[in-house]
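Participant: Sharing a structure below in structure tokens format, with a few things to ask.
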Amino acid sequence: MKKSENYPQYLTYQNRKLQPSVLTQEYPLPALGEGEIYYPKNEILLPFFTTEKELQQFGAAQFCTFLSDTIEVEHFLVIPAISSLRRIPFKIPPQPKLDLFKTATDEGYHAEQSLAYLTALVNHFDLPQLEGTLPALFIRRLEQQRLLEPNPVLKDLITIINGIVTETRISIELSKFAINKELSPTVRRICLTHAQDEVIQSSQFQALGKWLWEDFDNDTKALVSSIFIKSTIARSLPDLDSIIASISKATGRTITDASHAVLSRYNEEFLINEMLIAAKPTLQYLEKLGIGNYVSVNASIELEKRSLGIELERRKKLLNVA
Ligand SMILES: [Fe+2]
Ligand SMILES: [Fe+2]
């Protein structure tokens, strides 16, 4: 039996002498100034925009997708990961468990903060709600992972692992927005306040992952390693359908037209490279944990690349994309 005092060290608001953003109740809202930029420019899609206004609206639509994904992450990945902690047959010492429970409050606030900014942007740019839009790619893949898993303990572990995976990368992802001086100051502000909370939460989830990992037997480690790598890939792959939807919202092009534009520019090589950039902090964490002893990360990435290639080929053929 492991001892509570061996639980890995982690950050808290108390030991960092910080206040969570839920207490300051800061709601950065868009200032909506002319020419403000809401999302880093996507160089490979630039030729498809004819005016600066379209480009600005595309950025706004993409930032709205980012905020919408944030809400999904908070409500459907991180909070459920915390609530699953009581169901798994692995003991977590009372204090770290309590600290993780506190993060559920912060996450609910991040979702609320994101919704406020998102609503203001959607209203200002009059971005349409598209009929039949799919849920985010990572949510679809997570649902699939859970659906295919018959073992209830592993089902709960999938939920927790998805929480750990997302928390290892989110503070870094948000910080990239916060330090990007090209972006609107309000975009940078909402990402900064969120990133500051996430530094603490990330350290708590990393500690949780390490503690659980040490409790797993070899068979569970093997199963969990494969869940970890699948979740990491799913969480970090660019979501082409959401890029397509953003082009359509920003330019009024049909989904077919926008798909044509995107599919003519993206290939599996590019998608995997983008995924690897976004997943870097998670992959570093998993390497330290030791999942490489149970699963080949490179082989999993190669497999993903092949299936992406097949999927892109299928979609290109349907639309007659060269
Ligand atoms: Fe958050
Ligand atoms: Fe978080």
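Numbering starts fresh at 1 for the residues of each chain in the structure tokens, the chains themselves are lettered A, B, ... in the order given, and ligands are numbered from 1 as they appear.
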With ligand 2 as the partner and 9 Å as the cut-off, tabulate the residues of chain A that qualify, each row holding the nearest pair of atoms and their distance in Å to one decimal, using only C-alpha atoms and all ligand atoms, sorted by chain and rising number, as CSV.
Facilitator:
```
residue,atom,partner,partner_atom_place_in_ligand_line,distance
A:Val73,CA,ligand 2,1 (Fe),8.7
A:Glu74,CA,ligand 2,1 (Fe),7.1
A:Val78,CA,ligand 2,1 (Fe),6.7
A:Ile79,CA,ligand 2,1 (Fe),8.9
A:Thr103,CA,ligand 2,1 (Fe),6.9
A:Ala104,CA,ligand 2,1 (Fe),8.2
A:Asp106,CA,ligand 2,1 (Fe),7.5
A:Glu107,CA,ligand 2,1 (Fe),5.8
A:His110,CA,ligand 2,1 (Fe),8.4
A:Gly163,CA,ligand 2,1 (Fe),8.4
A:Thr166,CA,ligand 2,1 (Fe),7.9
A:Glu167,CA,ligand 2,1 (Fe),5.5
A:Thr168,CA,ligand 2,1 (Fe),8.8
A:Ile170,CA,ligand 2,1 (Fe),7.2
A:Ser171,CA,ligand 2,1 (Fe),7.9
A:His194,CA,ligand 2,1 (Fe),8.3
A:Ala195,CA,ligand 2,1 (Fe),8.6
A:Asp197,CA,ligand 2,1 (Fe),7.1
A:Glu198,CA,ligand 2,1 (Fe),4.9
A:Val199,CA,ligand 2,1 (Fe),8.2
A:Ile200,CA,ligand 2,1 (Fe),8.2
A:Gln201,CA,ligand 2,1 (Fe),5.2
A:Ser202,CA,ligand 2,1 (Fe),6.4
A:Phe205,CA,ligand 2,1 (Fe),8.6
```
Participant: Let's have the selection written as a PDB file, in the first residue's frame, with C-alpha atoms.
Facilitator:
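Once everything was written out, this is selection.pdb:
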```pdb
ATOM      1  CA  VAL A  73     -13.313  20.655 -22.340  1.00  0.00           C
ATOM      2  CA  GLU A  74     -14.352  22.131 -18.995  1.00  0.00           C
ATOM      3  CA  VAL A  78     -12.233  18.031 -16.843  1.00  0.00           C
ATOM      4  CA  ILE A  79     -15.252  18.230 -14.501  1.00  0.00           C
ATOM      5  CA  THR A 103     -10.538  22.847  -9.533  1.00  0.00           C
ATOM      6  CA  ALA A 104     -14.057  21.839 -10.690  1.00  0.00           C
ATOM      7  CA  ASP A 106     -12.507  27.031 -11.420  1.00  0.00           C
ATOM      8  CA  GLU A 107     -13.312  25.051 -14.556  1.00  0.00           C
ATOM      9  CA  HIS A 110     -13.636  29.273 -17.206  1.00  0.00           C
ATOM     10  CA  GLY A 163      -8.776  15.091 -18.108  1.00  0.00           C
ATOM     11  CA  THR A 166      -6.044  18.034 -21.650  1.00  0.00           C
ATOM     12  CA  GLU A 167      -4.667  19.583 -18.459  1.00  0.00           C
ATOM     13  CA  THR A 168      -1.061  18.857 -19.399  1.00  0.00           C
ATOM     14  CA  ILE A 170      -3.917  23.781 -21.854  1.00  0.00           C
ATOM     15  CA  SER A 171      -1.811  26.286 -19.876  1.00  0.00           C
ATOM     16  CA  HIS A 194      -7.229  31.242 -17.656  1.00  0.00           C
ATOM     17  CA  ALA A 195      -3.589  30.197 -18.190  1.00  0.00           C
ATOM     18  CA  ASP A 197      -5.250  29.076 -13.153  1.00  0.00           C
ATOM     19  CA  GLU A 198      -4.242  26.236 -15.442  1.00  0.00           C
ATOM     20  CA  VAL A 199      -0.606  26.257 -14.320  1.00  0.00           C
ATOM     21  CA  ILE A 200      -1.860  25.164 -10.906  1.00  0.00           C
ATOM     22  CA  GLN A 201      -4.455  22.729 -12.199  1.00  0.00           C
ATOM     23  CA  SER A 202      -2.029  21.181 -14.634  1.00  0.00           C
ATOM     24  CA  PHE A 205      -3.534  16.600 -12.700  1.00  0.00           C
TER      25      PHE A 205
END
```
Participant: Pick out the residues sitting within 8 Å of A:Gln62, and hand them over as a list in words; count only C-alpha atoms, and ignore anything fewer than 6 positions along from it in its own chain.
Facilitator: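 Listing them by chain and then by number gives Tyr38, Tyr39, Ile243 and Ser246 of chain A.
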Participant: With distances taken over only C-alpha atoms, which residue among A:Thr220, A:Ser184, A:Gln204, A:Thr51 lies nearest A:Phe63?
Facilitator: A:Ser184
Participant: Find, counting only C-alpha atoms and all ligand atoms, the residue in A:Glu5, A:Glu54, A:Glu131, A:Glu173 that gets nearest to ligand 1.
Facilitator: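 Using only C-alpha atoms and all ligand atoms, ligand 1 sits closest to A:Glu173.
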Participant: Restricting the calculation to only C-alpha atoms and all ligand atoms, which member of A:Phe138, A:Tyr7, A:Phe76, A:Phe125 is positioned closest to ligand 1?
Facilitator: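 For ligand 1, the nearest of the candidates is A:Phe76.
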Participant: So that I can check the surroundings of stretch 278-281 of chain A, please list as a list in words every protein, DNA and RNA residue that reaches within 9 Å of it, counting only C-alpha atoms and ignoring chain neighbours fewer than 4 positions away.
Facilitator: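 Near neighbours after the sequence-gap exclusion: Val165, Thr168, Arg169, Ile172, Glu173, Thr232, Ile233, Arg235, Ser236, Leu237, Asn273, Glu274, Tyr285 and Leu286 of chain A.
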Participant: Provide the atom CA of A:Leu127 to atom CA of A:Lys249 distance in Å, to one decimal place.
Facilitator: 5.8 Å
Participant: Counting only C-alpha atoms, which of A:Ile244, A:Val153, A:Leu98, A:Leu271 gets nearest to A:Thr12?
Facilitator: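 The shortest atom-to-atom distance to A:Thr12 comes from A:Leu98.
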Participant: Please identify the helix (DSSP H, G or I) residues within stretch 6-227 of chain A (assignment by DSSP from backbone atoms) and present them as a PyMOL selection string.
Facilitator: chain A and resi 6+13-16+21-24+43-48+52-84+94-125+137-148+152-179+185-215+218-227
Participant: Write the selection just made, keeping C-alpha atoms, as a short mmCIF file (atom, residue, chain, number, x, y, z; two decimals), in the first residue's frame?
Facilitator:
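Listing of again27.cif after writing:
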```cif
data_model
loop_
_atom_site.label_atom_id
_atom_site.label_comp_id
_atom_site.auth_asym_id
_atom_site.auth_seq_id
_atom_site.Cartn_x
_atom_site.Cartn_y
_atom_site.Cartn_z
CA ASN A 6 4.52 9.85 -1.12
CA TYR A 13 -3.28 28.65 -4.97
CA GLN A 14 -2.13 28.88 -1.33
CA ASN A 15 1.47 27.88 -1.96
CA ARG A 16 1.64 30.16 -5.05
CA SER A 21 -9.95 33.82 -11.41
CA VAL A 22 -13.34 32.66 -10.12
CA LEU A 23 -12.78 34.86 -7.06
CA THR A 24 -11.73 37.96 -9.00
CA GLU A 43 -0.94 31.23 -43.64
CA ILE A 44 -1.94 28.27 -45.77
CA LEU A 45 -5.55 29.46 -46.05
CA LEU A 46 -4.80 33.15 -46.74
CA PRO A 47 -5.44 32.92 -50.53
CA PHE A 48 -9.09 32.00 -49.87
CA GLU A 52 -9.38 42.10 -44.65
CA LYS A 53 -12.90 41.98 -43.20
CA GLU A 54 -13.34 38.33 -44.24
CA LEU A 55 -9.99 37.51 -42.71
CA GLN A 56 -10.91 39.26 -39.47
CA GLN A 57 -14.23 37.39 -39.36
CA PHE A 58 -12.43 34.10 -39.98
CA GLY A 59 -10.18 34.84 -37.00
CA ALA A 60 -13.22 35.74 -34.89
CA ALA A 61 -14.97 32.51 -35.94
CA GLN A 62 -11.87 30.48 -35.10
CA PHE A 63 -11.52 32.09 -31.69
CA CYS A 64 -15.20 31.35 -31.08
CA THR A 65 -14.48 27.69 -31.91
CA PHE A 66 -11.55 27.77 -29.50
CA LEU A 67 -13.81 29.18 -26.76
CA SER A 68 -16.54 26.71 -27.58
CA ASP A 69 -14.00 23.87 -27.37
CA THR A 70 -12.86 25.31 -24.03
CA ILE A 71 -16.43 25.09 -22.72
CA GLU A 72 -16.65 21.47 -23.95
CA VAL A 73 -13.31 20.66 -22.34
CA GLU A 74 -14.35 22.13 -19.00
CA HIS A 75 -17.85 20.63 -18.87
CA PHE A 76 -17.29 17.31 -20.62
CA LEU A 77 -13.63 16.42 -19.97
CA VAL A 78 -12.23 18.03 -16.84
CA ILE A 79 -15.25 18.23 -14.50
CA PRO A 80 -16.30 14.62 -15.35
CA ALA A 81 -12.68 13.51 -14.75
CA ILE A 82 -12.89 14.98 -11.24
CA SER A 83 -16.28 13.41 -10.54
CA SER A 84 -14.99 10.01 -11.71
CA PRO A 94 -7.90 13.11 1.02
CA GLN A 95 -5.99 16.40 0.56
CA PRO A 96 -5.06 16.01 -3.13
CA LYS A 97 -8.59 14.76 -3.81
CA LEU A 98 -10.04 17.83 -2.11
CA ASP A 99 -7.71 20.13 -4.05
CA LEU A 100 -8.79 18.47 -7.32
CA PHE A 101 -12.43 18.95 -6.33
CA LYS A 102 -11.72 22.68 -5.92
CA THR A 103 -10.54 22.85 -9.53
CA ALA A 104 -14.06 21.84 -10.69
CA THR A 105 -15.25 25.26 -9.46
CA ASP A 106 -12.51 27.03 -11.42
CA GLU A 107 -13.31 25.05 -14.56
CA GLY A 108 -17.00 25.96 -14.36
CA TYR A 109 -15.94 29.60 -14.17
CA HIS A 110 -13.64 29.27 -17.21
CA ALA A 111 -16.59 27.91 -19.18
CA GLU A 112 -18.75 30.85 -18.07
CA GLN A 113 -16.01 33.38 -18.89
CA SER A 114 -15.56 31.78 -22.34
CA LEU A 115 -19.29 31.84 -23.04
CA ALA A 116 -19.50 35.57 -22.24
CA TYR A 117 -16.68 36.44 -24.67
CA LEU A 118 -17.97 34.02 -27.32
CA THR A 119 -21.51 35.42 -27.19
CA ALA A 120 -20.24 39.01 -27.59
CA LEU A 121 -18.15 38.04 -30.64
CA VAL A 122 -20.91 36.00 -32.29
CA ASN A 123 -23.36 38.89 -31.87
CA HIS A 124 -20.95 41.54 -33.10
CA PHE A 125 -19.88 39.68 -36.25
CA LEU A 137 -13.38 16.12 -33.19
CA PHE A 138 -11.86 15.33 -29.78
CA ILE A 139 -15.32 15.04 -28.20
CA ARG A 140 -16.41 12.63 -30.97
CA ARG A 141 -13.31 10.51 -30.51
CA LEU A 142 -13.65 10.46 -26.72
CA GLU A 143 -17.27 9.33 -26.98
CA GLN A 144 -16.14 6.58 -29.33
CA GLN A 145 -13.39 5.50 -26.93
CA ARG A 146 -15.87 5.26 -24.04
CA LEU A 147 -18.51 3.54 -26.15
CA LEU A 148 -16.13 0.80 -27.25
CA PRO A 152 -16.72 0.13 -16.30
CA VAL A 153 -13.46 0.80 -14.42
CA LEU A 154 -11.62 1.42 -17.69
CA LYS A 155 -14.52 3.61 -18.85
CA ASP A 156 -13.95 5.83 -15.78
CA LEU A 157 -10.20 5.72 -16.34
CA ILE A 158 -10.72 6.90 -19.93
CA THR A 159 -12.59 9.93 -18.54
CA ILE A 160 -9.83 10.65 -16.00
CA ILE A 161 -7.05 10.14 -18.55
CA ASN A 162 -8.73 12.57 -20.94
CA GLY A 163 -8.78 15.09 -18.11
CA ILE A 164 -5.07 14.55 -17.44
CA VAL A 165 -4.20 14.77 -21.14
CA THR A 166 -6.04 18.03 -21.65
CA GLU A 167 -4.67 19.58 -18.46
CA THR A 168 -1.06 18.86 -19.40
CA ARG A 169 -1.31 21.10 -22.46
CA ILE A 170 -3.92 23.78 -21.85
CA SER A 171 -1.81 26.29 -19.88
CA ILE A 172 0.85 26.23 -22.61
CA GLU A 173 -1.75 26.57 -25.37
CA LEU A 174 -3.36 29.54 -23.59
CA SER A 175 0.01 31.16 -22.90
CA LYS A 176 0.78 31.17 -26.64
CA PHE A 177 -2.30 33.39 -27.14
CA ALA A 178 -1.46 35.50 -24.09
CA ILE A 179 2.05 36.40 -25.34
CA PRO A 185 -5.55 42.74 -25.95
CA THR A 186 -8.85 41.25 -24.73
CA VAL A 187 -8.06 37.88 -26.39
CA ARG A 188 -4.70 37.95 -24.63
CA ARG A 189 -6.31 38.91 -21.31
CA ILE A 190 -8.94 36.14 -21.25
CA CYS A 191 -6.27 33.60 -22.17
CA LEU A 192 -3.86 34.95 -19.55
CA THR A 193 -6.29 34.78 -16.62
CA HIS A 194 -7.23 31.24 -17.66
CA ALA A 195 -3.59 30.20 -18.19
CA GLN A 196 -2.63 31.39 -14.70
CA ASP A 197 -5.25 29.08 -13.15
CA GLU A 198 -4.24 26.24 -15.44
CA VAL A 199 -0.61 26.26 -14.32
CA ILE A 200 -1.86 25.16 -10.91
CA GLN A 201 -4.45 22.73 -12.20
CA SER A 202 -2.03 21.18 -14.63
CA SER A 203 0.40 20.42 -11.83
CA GLN A 204 -2.42 18.80 -9.81
CA PHE A 205 -3.53 16.60 -12.70
CA GLN A 206 0.04 15.62 -13.49
CA ALA A 207 0.52 14.57 -9.86
CA LEU A 208 -2.73 12.58 -10.01
CA GLY A 209 -1.60 10.80 -13.19
CA LYS A 210 1.73 9.88 -11.63
CA TRP A 211 0.13 8.61 -8.42
CA LEU A 212 -2.41 6.45 -10.27
CA TRP A 213 0.21 5.14 -12.67
CA GLU A 214 2.32 3.86 -9.80
CA ASP A 215 -0.70 1.99 -8.47
CA ASN A 218 1.48 -4.18 -15.57
CA ASP A 219 -1.67 -5.20 -17.46
CA THR A 220 -3.46 -2.00 -16.47
CA LYS A 221 -0.38 0.05 -17.38
CA ALA A 222 -0.45 -1.48 -20.86
CA LEU A 223 -4.17 -0.71 -21.31
CA VAL A 224 -3.83 2.78 -19.85
CA SER A 225 -0.80 3.56 -22.06
CA SER A 226 -2.81 2.86 -25.16
CA ILE A 227 -5.69 5.05 -23.86
#
```
Participant: Compile the contact shell of stretch 255-259 of chain A as a list in words: residues with an atom at most 12 Å away, counting only C-alpha atoms, same-chain residues fewer than 6 positions apart removed.
Facilitator: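 Answer for this query is Leu45, Phe48, Phe49, Phe58, Leu130, Glu131, Gly132, Thr133, Leu240, Asp241, Ser242, Ile243, Ile244, Ala245, Ser246, Ile247, Ser248, Lys249, Arg265, Tyr266, Leu312, Arg315, Lys316, Lys317, Leu318, Leu319, Asn320 and Val321 of chain A.
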